[in-house]
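Q: Sending over model35.tsv (TSV, C-alpha atoms).
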chain	number	residue	atom	x	y	z
A	1	MET	CA	9.53	26.71	-28.59
A	2	PRO	CA	10.81	28.38	-25.45
A	3	GLU	CA	14.40	27.57	-24.64
A	4	SER	CA	13.76	26.53	-21.07
A	5	SER	CA	11.20	23.95	-22.08
A	6	GLU	CA	13.94	21.80	-23.56
A	7	GLY	CA	15.81	21.60	-20.30
A	8	VAL	CA	15.36	18.95	-17.66
A	9	LEU	CA	13.34	20.11	-14.70
A	10	SER	CA	14.86	19.76	-11.28
A	11	GLU	CA	14.35	16.62	-9.26
A	12	THR	CA	12.44	18.32	-6.46
A	13	PHE	CA	9.22	16.53	-5.63
A	14	PRO	CA	8.33	17.45	-2.04
A	15	ILE	CA	6.41	20.68	-1.68
A	16	THR	CA	9.25	23.08	-1.26
A	17	ALA	CA	9.77	26.69	-2.17
A	18	ALA	CA	11.96	25.54	-5.04
A	19	SER	CA	9.31	23.25	-6.50
A	20	THR	CA	6.65	25.91	-6.10
A	21	ASP	CA	8.85	28.44	-7.86
A	22	GLU	CA	9.50	25.97	-10.63
A	23	MET	CA	5.80	25.31	-10.96
A	24	GLU	CA	5.06	29.02	-11.19
A	25	SER	CA	7.69	29.34	-13.87
A	26	VAL	CA	6.14	26.54	-15.91
A	27	VAL	CA	2.69	28.08	-15.54
A	28	ARG	CA	3.98	31.47	-16.71
A	29	GLN	CA	5.67	29.94	-19.74
A	30	HIS	CA	2.99	27.53	-20.92
A	31	SER	CA	-0.37	28.60	-19.55
A	32	ARG	CA	-1.57	30.29	-22.75
A	33	PHE	CA	-0.29	27.46	-24.88
A	34	VAL	CA	-2.14	24.90	-22.75
A	35	TYR	CA	-5.24	27.05	-22.79
A	36	ALA	CA	-5.11	27.31	-26.60
A	37	ILE	CA	-4.96	23.54	-26.97
A	38	ALA	CA	-7.89	23.09	-24.63
A	39	TYR	CA	-9.82	25.80	-26.41
A	40	SER	CA	-9.15	24.25	-29.82
A	41	VAL	CA	-10.95	21.14	-28.67
A	42	LEU	CA	-13.65	22.64	-26.48
A	43	ARG	CA	-14.16	26.05	-28.17
A	44	ASN	CA	-15.50	27.45	-24.93
A	45	HIS	CA	-13.61	29.79	-22.60
A	46	HIS	CA	-14.95	28.37	-19.37
A	47	ASP	CA	-14.38	24.74	-20.29
A	48	ALA	CA	-10.96	25.52	-21.76
A	49	GLU	CA	-9.85	27.23	-18.55
A	50	ASP	CA	-11.04	24.29	-16.47
A	51	ALA	CA	-9.16	21.88	-18.70
A	52	ALA	CA	-6.00	24.00	-18.55
A	53	GLN	CA	-6.14	24.15	-14.75
A	54	GLU	CA	-6.64	20.40	-14.57
A	55	THR	CA	-3.63	19.95	-16.85
A	56	PHE	CA	-1.39	21.94	-14.53
A	57	VAL	CA	-2.72	20.15	-11.46
A	58	ARG	CA	-1.76	16.87	-13.09
A	59	PHE	CA	1.65	18.28	-13.87
A	60	TRP	CA	2.07	19.27	-10.22
A	61	ARG	CA	1.03	15.81	-9.01
A	62	HIS	CA	3.54	14.39	-11.45
A	63	ARG	CA	6.39	16.31	-9.84
A	64	ARG	CA	8.10	13.15	-8.52
A	65	ARG	CA	8.83	12.33	-12.15
A	66	TRP	CA	9.65	15.81	-13.38
A	67	ARG	CA	13.25	14.74	-13.90
A	68	LEU	CA	12.02	12.16	-16.42
A	69	ILE	CA	10.17	14.77	-18.46
A	70	ARG	CA	12.60	15.89	-21.12
A	71	ASN	CA	10.17	18.27	-22.77
A	72	PRO	CA	7.59	19.76	-20.41
A	73	ARG	CA	5.94	21.64	-23.27
A	74	ALA	CA	5.21	18.41	-25.16
A	75	TRP	CA	4.08	16.72	-21.93
A	76	LEU	CA	1.69	19.58	-21.21
A	77	ALA	CA	0.40	19.59	-24.79
A	78	ARG	CA	-0.43	15.87	-24.73
A	79	THR	CA	-2.02	16.10	-21.28
A	80	ALA	CA	-4.08	19.15	-22.20
A	81	TRP	CA	-5.23	17.38	-25.35
A	82	ARG	CA	-6.40	14.31	-23.42
A	83	VAL	CA	-8.04	16.36	-20.66
A	84	ALA	CA	-9.87	18.46	-23.22
A	85	LEU	CA	-11.07	15.41	-25.13
A	86	ASP	CA	-12.43	13.90	-21.91
A	87	ALA	CA	-14.19	17.15	-21.09
A	88	ARG	CA	-15.58	17.30	-24.61
A	89	LYS	CA	-17.06	13.82	-24.30
A	90	LYS	CA	-18.73	14.74	-21.01
A	91	ARG	CA	-20.00	18.00	-22.39
A	92	HIS	CA	-21.46	16.40	-25.50
A	93	ALA	CA	-23.55	14.13	-23.34
A	94	GLN	CA	-25.36	17.16	-21.92
A	95	ASP	CA	-25.09	19.43	-24.94
A	96	ASP	CA	-28.22	21.12	-26.18
A	97	LEU	CA	-28.17	21.99	-29.83
A	98	SER	CA	-30.10	25.18	-29.32
A	99	VAL	CA	-28.44	26.98	-32.22
A	100	SER	CA	-29.38	25.34	-35.49
A	101	LEU	CA	-27.23	25.41	-38.59
A	102	SER	CA	-29.91	27.02	-40.67
A	103	GLU	CA	-30.46	29.89	-38.22
A	104	SER	CA	-26.75	30.70	-38.12
A	105	ALA	CA	-26.46	30.43	-41.90
A	106	GLU	CA	-29.41	32.79	-42.32
A	107	VAL	CA	-27.82	35.48	-40.14
A	108	ILE	CA	-24.54	35.19	-42.05
A	109	SER	CA	-26.31	35.45	-45.40
A	110	GLN	CA	-28.12	38.56	-44.27
A	111	LEU	CA	-24.83	40.14	-43.17
A	112	ARG	CA	-23.23	39.23	-46.48
A	113	ALA	CA	-26.17	40.69	-48.38
A	114	ALA	CA	-25.78	43.85	-46.34
A	115	GLY	CA	-22.18	44.10	-47.59
A	116	ALA	CA	-20.39	43.20	-44.37
A	117	PRO	CA	-16.75	42.13	-44.88
A	118	ALA	CA	-15.68	38.55	-44.14
A	119	ASP	CA	-13.60	39.63	-41.11
A	120	GLU	CA	-16.58	41.27	-39.50
A	121	ILE	CA	-18.84	38.30	-40.15
A	122	ALA	CA	-16.20	35.89	-38.82
A	123	ALA	CA	-16.11	37.75	-35.50
A	124	ARG	CA	-19.86	37.31	-34.99
A	125	GLY	CA	-21.11	34.78	-32.53
A	126	GLU	CA	-23.31	33.21	-35.18
A	127	MET	CA	-20.30	32.46	-37.36
A	128	THR	CA	-18.40	31.03	-34.40
A	129	ALA	CA	-21.34	28.80	-33.55
A	130	LEU	CA	-21.73	27.75	-37.17
A	131	LEU	CA	-18.03	26.90	-37.47
A	132	ASP	CA	-18.13	24.95	-34.22
A	133	ARG	CA	-21.03	22.88	-35.50
A	134	LEU	CA	-19.31	22.25	-38.81
A	135	ILE	CA	-16.05	21.21	-37.16
A	136	ASP	CA	-17.96	18.93	-34.81
A	137	SER	CA	-19.55	17.23	-37.77
A	138	LEU	CA	-16.16	16.26	-39.21
A	139	PRO	CA	-14.85	12.72	-38.82
A	140	GLU	CA	-12.55	12.41	-35.81
A	141	GLU	CA	-9.42	11.66	-37.84
A	142	LEU	CA	-9.94	14.97	-39.71
A	143	ARG	CA	-11.29	16.98	-36.81
A	144	ASN	CA	-8.31	16.40	-34.49
A	145	PRO	CA	-5.55	17.71	-36.81
A	146	LEU	CA	-7.71	20.69	-37.76
A	147	ALA	CA	-8.45	21.54	-34.12
A	148	LEU	CA	-4.77	21.37	-33.18
A	149	SER	CA	-3.83	23.47	-36.20
A	150	LEU	CA	-5.88	26.26	-34.66
A	151	VAL	CA	-3.24	26.52	-31.93
A	152	GLU	CA	-0.79	29.06	-33.30
A	153	GLU	CA	2.19	27.79	-31.31
A	154	LEU	CA	1.84	24.20	-32.49
A	155	THR	CA	3.87	23.11	-35.48
A	156	SER	CA	2.98	20.21	-37.75
A	157	PRO	CA	5.63	17.92	-36.18
A	158	GLU	CA	4.23	18.71	-32.72
A	159	ILE	CA	0.69	17.95	-33.87
A	160	ALA	CA	1.94	14.70	-35.36
A	161	ALA	CA	3.64	13.86	-32.06
A	162	ILE	CA	0.49	14.53	-30.07
A	163	LEU	CA	-1.72	12.50	-32.39
A	164	GLY	CA	0.86	9.81	-32.99
A	165	ILE	CA	0.63	9.98	-36.77
A	166	PRO	CA	3.16	10.95	-39.46
A	167	GLU	CA	3.62	14.62	-40.23
A	168	GLY	CA	2.54	14.09	-43.84
A	169	SER	CA	-0.74	12.64	-42.66
A	170	VAL	CA	-1.32	15.71	-40.53
A	171	ARG	CA	-0.97	18.04	-43.51
A	172	GLN	CA	-3.15	15.86	-45.72
A	173	ARG	CA	-5.92	15.57	-43.14
A	174	MET	CA	-5.87	19.28	-42.44
A	175	TRP	CA	-6.33	20.00	-46.14
A	176	GLN	CA	-9.18	17.45	-46.40
A	177	ALA	CA	-10.89	18.91	-43.34
A	178	ARG	CA	-10.69	22.41	-44.73
A	179	GLN	CA	-12.15	21.28	-48.04
A	180	ILE	CA	-15.11	19.64	-46.31
A	181	LEU	CA	-15.74	22.73	-44.20
A	182	LYS	CA	-15.63	24.95	-47.26
A	183	GLU	CA	-18.09	22.76	-49.17
A	184	LYS	CA	-20.55	22.61	-46.29
A	185	LEU	CA	-20.32	26.34	-45.68
A	186	SER	CA	-20.87	27.03	-49.37
A	187	VAL	CA	-23.94	24.85	-49.47
A	188	LEU	CA	-25.38	26.50	-46.38
A	189	LEU	CA	-24.74	30.04	-47.57
A	190	GLU	CA	-25.86	29.36	-51.15
A	191	GLY	CA	-29.08	27.84	-49.92
A	192	LYS	CA	-29.89	30.88	-47.84
A	193	HIS	CA	-28.50	33.36	-50.34
A	194	GLY	CA	-30.41	31.82	-53.23
A	195	ARG	CA	-33.79	32.24	-51.53
B	1	MET	CA	-19.76	31.58	-58.46
B	2	GLU	CA	-16.11	32.58	-58.15
B	3	ASP	CA	-17.11	35.48	-55.88
B	4	ASN	CA	-18.98	33.06	-53.70
B	5	ASP	CA	-15.98	30.71	-53.54
B	6	ARG	CA	-13.67	33.55	-52.70
B	7	PHE	CA	-16.05	34.83	-50.01
B	8	VAL	CA	-16.35	31.38	-48.43
B	9	ASP	CA	-12.56	31.01	-48.45
B	10	GLU	CA	-12.10	34.36	-46.79
B	11	LEU	CA	-14.85	33.70	-44.31
B	12	LEU	CA	-13.42	30.31	-43.36
B	13	ASP	CA	-9.88	31.64	-43.00
B	14	SER	CA	-11.11	34.55	-40.91
B	15	ALA	CA	-13.24	32.32	-38.72
B	16	LEU	CA	-10.39	29.90	-38.13
B	17	ALA	CA	-8.00	32.76	-37.45
B	18	HIS	CA	-10.52	34.21	-35.03
B	19	GLN	CA	-10.55	30.92	-33.16
B	20	ARG	CA	-6.75	31.02	-33.01
B	21	ARG	CA	-6.89	34.33	-31.19
B	22	ALA	CA	-8.70	32.85	-28.25
B	23	GLU	CA	-7.18	34.22	-25.05
B	24	PRO	CA	-7.90	33.30	-21.46
B	25	HIS	CA	-9.51	35.80	-19.16
B	26	PRO	CA	-7.21	38.06	-17.09
B	27	GLY	CA	-5.73	36.48	-13.96
B	28	PHE	CA	-5.60	33.05	-15.57
B	29	GLU	CA	-2.14	32.20	-14.22
B	30	GLY	CA	-3.13	33.19	-10.70
B	31	ARG	CA	-6.19	30.96	-10.87
B	32	ILE	CA	-4.07	28.06	-12.05
B	33	MET	CA	-1.67	28.49	-9.14
B	34	GLU	CA	-4.56	28.74	-6.69
B	35	ARG	CA	-5.95	25.48	-8.00
B	36	VAL	CA	-2.52	23.85	-7.82
B	37	HIS	CA	-2.02	25.02	-4.23
B	38	ALA	CA	-5.49	23.77	-3.31
B	39	ALA	CA	-4.73	20.38	-4.82
B	40	ALA	CA	-1.36	20.28	-3.05
B	41	SER	CA	-2.89	21.09	0.33
B	42	GLU	CA	-5.54	18.42	-0.19
B	43	ARG	CA	-2.90	15.84	-0.93
B	44	ASP	CA	-0.74	17.01	1.97
B	45	THR	CA	-3.67	16.61	4.34
B	46	GLY	CA	-4.21	13.11	3.03
B	47	THR	CA	-0.51	12.33	3.39
B	48	ASN	CA	-0.43	13.63	6.97
B	49	VAL	CA	-3.44	11.52	7.94
B	50	TRP	CA	-1.75	8.53	6.39
B	51	LYS	CA	1.44	9.23	8.34
B	52	LEU	CA	-0.52	9.54	11.59
B	53	TRP	CA	-2.16	6.18	10.97
B	54	VAL	CA	1.21	4.57	10.31
B	55	ALA	CA	2.68	6.08	13.48
B	56	ALA	CA	-0.30	4.90	15.56
B	57	ALA	CA	-0.06	1.40	14.13
B	58	ALA	CA	3.67	1.24	14.82
B	59	THR	CA	3.18	2.41	18.40
B	60	ALA	CA	0.44	-0.17	18.96
B	61	ALA	CA	2.66	-2.91	17.55
B	62	VAL	CA	5.52	-1.96	19.90
B	63	VAL	CA	3.19	-1.90	22.92
B	64	VAL	CA	1.71	-5.29	22.03
B	65	THR	CA	5.20	-6.74	21.59
B	66	PHE	CA	6.34	-5.50	25.00
B	67	VAL	CA	3.21	-6.82	26.68
B	68	ALA	CA	3.66	-10.20	25.02
B	69	ILE	CA	7.29	-10.37	26.13
B	70	TYR	CA	6.35	-9.37	29.67
B	71	VAL	CA	3.56	-11.94	29.87
B	72	ALA	CA	5.82	-14.67	28.52
B	73	ASN	CA	8.64	-13.95	30.97
B	74	ARG	CA	6.81	-12.90	34.10
B	75	PRO	CA	8.03	-14.84	37.17
B	76	HIS	CA	5.80	-17.58	38.59
B	77	ASN	CA	6.27	-20.83	40.54
B	78	PRO	CA	5.29	-23.79	38.48
B	79	ALA	CA	6.91	-26.38	40.76
B	80	PRO	CA	3.74	-28.20	41.80
B	81	GLN	CA	2.54	-28.46	38.21
B	82	ILE	CA	5.88	-29.73	37.04
B	83	SER	CA	6.17	-32.32	39.74
B	84	GLN	CA	2.63	-33.42	39.04
B	85	ALA	CA	3.19	-33.69	35.35
B	86	GLU	CA	6.54	-35.35	35.57
B	87	ASN	CA	5.25	-37.65	38.23
B	88	ALA	CA	2.92	-39.14	35.68
B	89	VAL	CA	5.79	-39.83	33.36
B	90	SER	CA	8.63	-40.92	35.54
B	91	ALA	CA	7.22	-42.55	38.62
B	92	PRO	CA	3.83	-43.86	39.56
B	93	SER	CA	2.47	-42.45	42.78
B	94	PRO	CA	3.07	-44.59	45.83
B	95	THR	CA	-0.62	-44.82	46.58
B	96	GLU	CA	-1.26	-46.20	43.11
B	97	THR	CA	1.55	-48.68	43.51
B	98	LEU	CA	0.15	-49.81	46.81
B	99	LYS	CA	-3.32	-50.15	45.31
B	100	ALA	CA	-1.96	-52.14	42.41
B	101	ASN	CA	-0.04	-54.39	44.70
B	102	SER	CA	-3.05	-55.01	46.88
B	103	ASP	CA	-5.37	-55.65	43.94
B	104	PRO	CA	-6.97	-59.11	44.10
B	105	ASN	CA	-6.61	-59.44	40.31
B	106	PRO	CA	-2.90	-59.14	39.59
B	107	ALA	CA	-3.37	-59.12	35.82
B	108	ALA	CA	-5.71	-56.14	35.93
B	109	GLY	CA	-3.40	-54.35	38.27
B	110	ALA	CA	-0.49	-54.87	35.96
B	111	ALA	CA	-2.52	-53.60	33.04
B	112	MET	CA	-3.40	-50.49	34.97
B	113	LYS	CA	0.20	-49.92	35.82
B	114	VAL	CA	1.18	-50.13	32.18
B	115	ALA	CA	-1.71	-48.22	30.63
B	116	GLU	CA	-2.29	-45.32	33.00
B	117	PRO	CA	1.10	-43.66	32.82
B	118	LYS	CA	0.94	-43.60	29.02
B	119	GLN	CA	-2.45	-41.93	28.96
B	120	VAL	CA	-1.47	-39.42	31.55
B	121	ALA	CA	1.79	-38.82	29.79
B	122	ARG	CA	0.07	-38.05	26.49
B	123	SER	CA	-2.36	-35.65	28.04
B	124	GLU	CA	0.12	-33.85	30.22
B	125	ARG	CA	3.26	-33.91	28.10
B	126	LYS	CA	2.27	-30.76	26.29
B	127	SER	CA	1.41	-28.81	29.41
B	128	SER	CA	4.58	-30.01	31.08
B	129	ARG	CA	6.66	-28.65	28.21
B	130	GLN	CA	4.81	-25.38	28.28
B	131	VAL	CA	5.37	-25.06	31.99
B	132	GLU	CA	9.05	-25.84	31.65
B	133	ALA	CA	9.42	-23.33	28.87
B	134	HIS	CA	8.05	-20.54	31.04
B	135	ARG	CA	9.67	-21.63	34.30
B	136	TRP	CA	11.67	-18.95	35.98
B	137	PRO	CA	14.60	-20.46	37.89
B	138	SER	CA	14.28	-19.93	41.65
B	139	GLN	CA	18.05	-20.08	42.03
B	140	PHE	CA	20.57	-18.45	39.73
B	141	PRO	CA	22.90	-19.78	38.60
B	142	THR	CA	21.06	-23.04	38.78
B	143	PRO	CA	22.86	-26.09	40.12
B	144	ALA	CA	23.80	-28.87	37.78
B	145	PRO	CA	20.66	-30.50	36.40
B	146	LEU	CA	19.52	-33.59	38.25
B	147	THR	CA	19.53	-36.92	36.56
B	148	ALA	CA	16.31	-38.70	35.86
B	149	GLU	CA	16.86	-40.99	38.82
B	150	GLU	CA	17.55	-38.08	41.13
B	151	LYS	CA	14.44	-36.26	39.93
B	152	ALA	CA	12.38	-39.37	40.45
B	153	LEU	CA	13.76	-39.77	43.96
B	154	VAL	CA	13.06	-36.13	44.82
B	155	GLN	CA	9.54	-36.35	43.50
B	156	TYR	CA	8.97	-39.60	45.28
B	157	VAL	CA	10.05	-38.09	48.57
B	158	GLN	CA	8.04	-34.89	47.99
B	159	GLN	CA	4.85	-36.60	46.94
B	160	THR	CA	4.86	-39.55	49.29
B	161	PRO	CA	3.14	-39.08	52.62
B	162	PRO	CA	5.36	-39.76	55.59
B	163	GLN	CA	3.23	-42.72	56.72
B	164	VAL	CA	3.71	-44.42	53.37
B	165	LEU	CA	7.42	-43.77	53.48
B	166	ALA	CA	7.57	-45.28	56.91
B	167	GLU	CA	5.45	-48.38	56.26
B	168	PRO	CA	7.83	-50.39	54.12
B	169	ASN	CA	10.68	-49.72	56.52
B	170	LEU	CA	8.66	-51.13	59.38
B	171	LYS	CA	7.88	-54.22	57.41
B	172	ARG	CA	11.25	-54.91	55.91
B	173	GLU	CA	13.69	-54.01	58.69
B	174	PRO	CA	13.51	-54.80	62.38
B	175	THR	CA	13.25	-51.87	64.72
B	176	VAL	CA	15.63	-51.20	67.51
B	177	GLN	CA	13.10	-52.38	70.04
B	178	ASN	CA	12.73	-55.82	68.45
B	179	VAL	CA	16.40	-56.68	68.37
B	180	GLU	CA	17.42	-59.04	71.08
B	181	ILE	CA	20.91	-58.38	72.28
B	182	LYS	CA	22.47	-61.43	73.76
B	183	PRO	CA	25.05	-60.93	76.43
B	184	LEU	CA	28.55	-61.45	75.33
B	185	GLU	CA	30.03	-64.72	76.44
B	186	ILE	CA	33.72	-64.48	77.03
B	187	PRO	CA	35.44	-67.64	78.18
B	188	SER	CA	37.71	-67.15	81.16
B	189	LEU	CA	41.36	-67.22	80.55
B	190	GLU	CA	43.41	-70.04	82.07
B	191	ILE	CA	47.01	-69.19	82.68
B	192	GLU	CA	49.19	-72.18	83.31
B	193	PRO	CA	52.19	-71.84	85.67
B	194	LEU	CA	55.62	-71.70	84.15
B	195	ALA	CA	57.89	-74.78	84.71
B	196	LEU	CA	61.75	-74.37	84.78
B	197	GLY	CA	63.85	-76.92	82.89
B	198	PRO	CA	67.28	-78.33	83.82
B	199	THR	CA	69.09	-75.61	81.99
B	200	GLY	CA	67.28	-73.05	83.98
B	201	LYS	CA	65.12	-71.97	81.01
B	202	ALA	CA	61.38	-72.03	81.12
B	203	THR	CA	59.61	-74.82	79.24
B	204	GLN	CA	55.96	-75.25	78.30
How does the structure come out when it is put into structure tokens?

A:
Amino acid sequence: MPESSEGVLSETFPITAASTDEMESVVRQHSRFVYAIAYSVLRNHHDAEDAAQETFVRFWRHRRRWRLIRNPRAWLARTAWRVALDARKKRHAQDDLSVSLSESAEVISQLRAAGAPADEIAARGEMTALLDRLIDSLPEELRNPLALSLVEELTSPEIAAILGIPEGSVRQRMWQARQILKEKLSVLLEGKHGR
Amino acid sequence: MEDNDRFVDELLDSALAHQRRAEPHPGFEGRIMERVHAAASERDTGTNVWKLWVAAAATAAVVVTFVAIYVANRPHNPAPQISQAENAVSAPSPTETLKANSDPNPAAGAAMKVAEPKQVARSERKSSRQVEAHRWPSQFPTPAPLTAEEKALVQYVQQTPPQVLAEPNLKREPTVQNVEIKPLEIPSLEIEPLALGPTGKATQ
């Protein structure tokens, strides 16, 4: 966690050069972190960037209460999480499931049969799409800890703080989610591989 | 089977790790600041409009207050209205009194005398108070306030026509022309002569 994020931000709330400088400093420190959280939920660059920008706009509008924010990093993480979830709900309403699970699984099986290493297959768009679909199919209480665990900078206590659950529950749910993903992926690949 | 398990494990770990490496496009921080500045300018515009509306409302309120004060205190001469209103309360008009006195039905006349001032008083009391409240003194400092009797006398004199004022005087008191002045009768003085006594002193 960056050292400055633990400090109390100044009490400036009118639009002054000082508040603008402070805002720029916060953006420089936390923009990638906020983006990663948004991306973990939305798994789309464009949507994640929109959500990150919206998060910082909210932080700017909140500047009258900056002095009350003891940990801007945690504040930004929670806000980014909520903004991304809202965006995800809106996006799902107009989502078209153009890429089917079976099509993605077939491409991956062909690559595996051709002897491609797991790293190479994982970087393919088909694998990304397949993983997105599998994560989406998880129950919400398992999907949320797994999604946040994809953010490198987030620790288990921070994930627990964002979700409002004990740290032990975070670890347990992450393990359960991974097991379900592995089972589903195995079934998909075996089905295609066994043809 | 074990190979398949191992492959799926590796594939899943790699795929999740690949998702962790997601990076924003170049210039991301600049775009964030642009969006923040845009949002700030939008809010500032809204705030300025709000301030203008408040200033306009405050100015209008001050103007309305000054106009109201001016209208309430502007000088005017309400003397006739006051005397008319107070006349109904304090003293009946001489013409009415004369009419009542000359009425063939004394009971009806008395009833009129009692009832009319009350009705007039009710209807005009309010306007009389309003007029007094807004009256601007014609003389400052004002003399000592008149008593009710003095006010009634002044109103009586102001409102009564001169003929009416003169009529009772003609009836009640004799004029100079009608007085008969009798000549003074002074008895003549009789002076008796002095008579001297034996001692030489005068005796009566």

Q: Taking all atoms listed in the file into account, find every residue of chain A that has an atom no more than 9 Å from chain B, and write it out as a ChimeraX atom specification.

A: /A:15,20,23-24,27-28,31-32,35-36,39-40,43,45-46,48-49,52-54,56-58,60-61,117-123,127-128,131,149-152,178,181-183,185-186,189-190

Q: Just how far from atom CA of A:Ser100 is atom CA of A:Ala51, in Å to one decimal?

A: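 Between atom CA of A:Ala51 and atom CA of A:Ser100 the gap is 26.5 Å.
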
Q: Quote the spacing between atom CA of A:Ile159 and atom CA of A:Trp75 in Å to one decimal place.

A: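 Atom CA of A:Ile159 sits 12.5 Å away from atom CA of A:Trp75.
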
Q: Quick check, in Å to one decimal: how far apart do atom CA of A:Asn44 and atom CA of A:Arg143 lie?

A: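 We find that atom CA of A:Asn44 and atom CA of A:Arg143 lie 16.4 Å from each other.
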
Q: For A:Ile165, work out the shell of residues within 12 Å, counting only C-alpha atoms and skipping chain neighbours fewer than 6 positions away, then give it as a VMD selection string.

A: chain A and resid 141 144 to 145 156 to 159 171 to 173
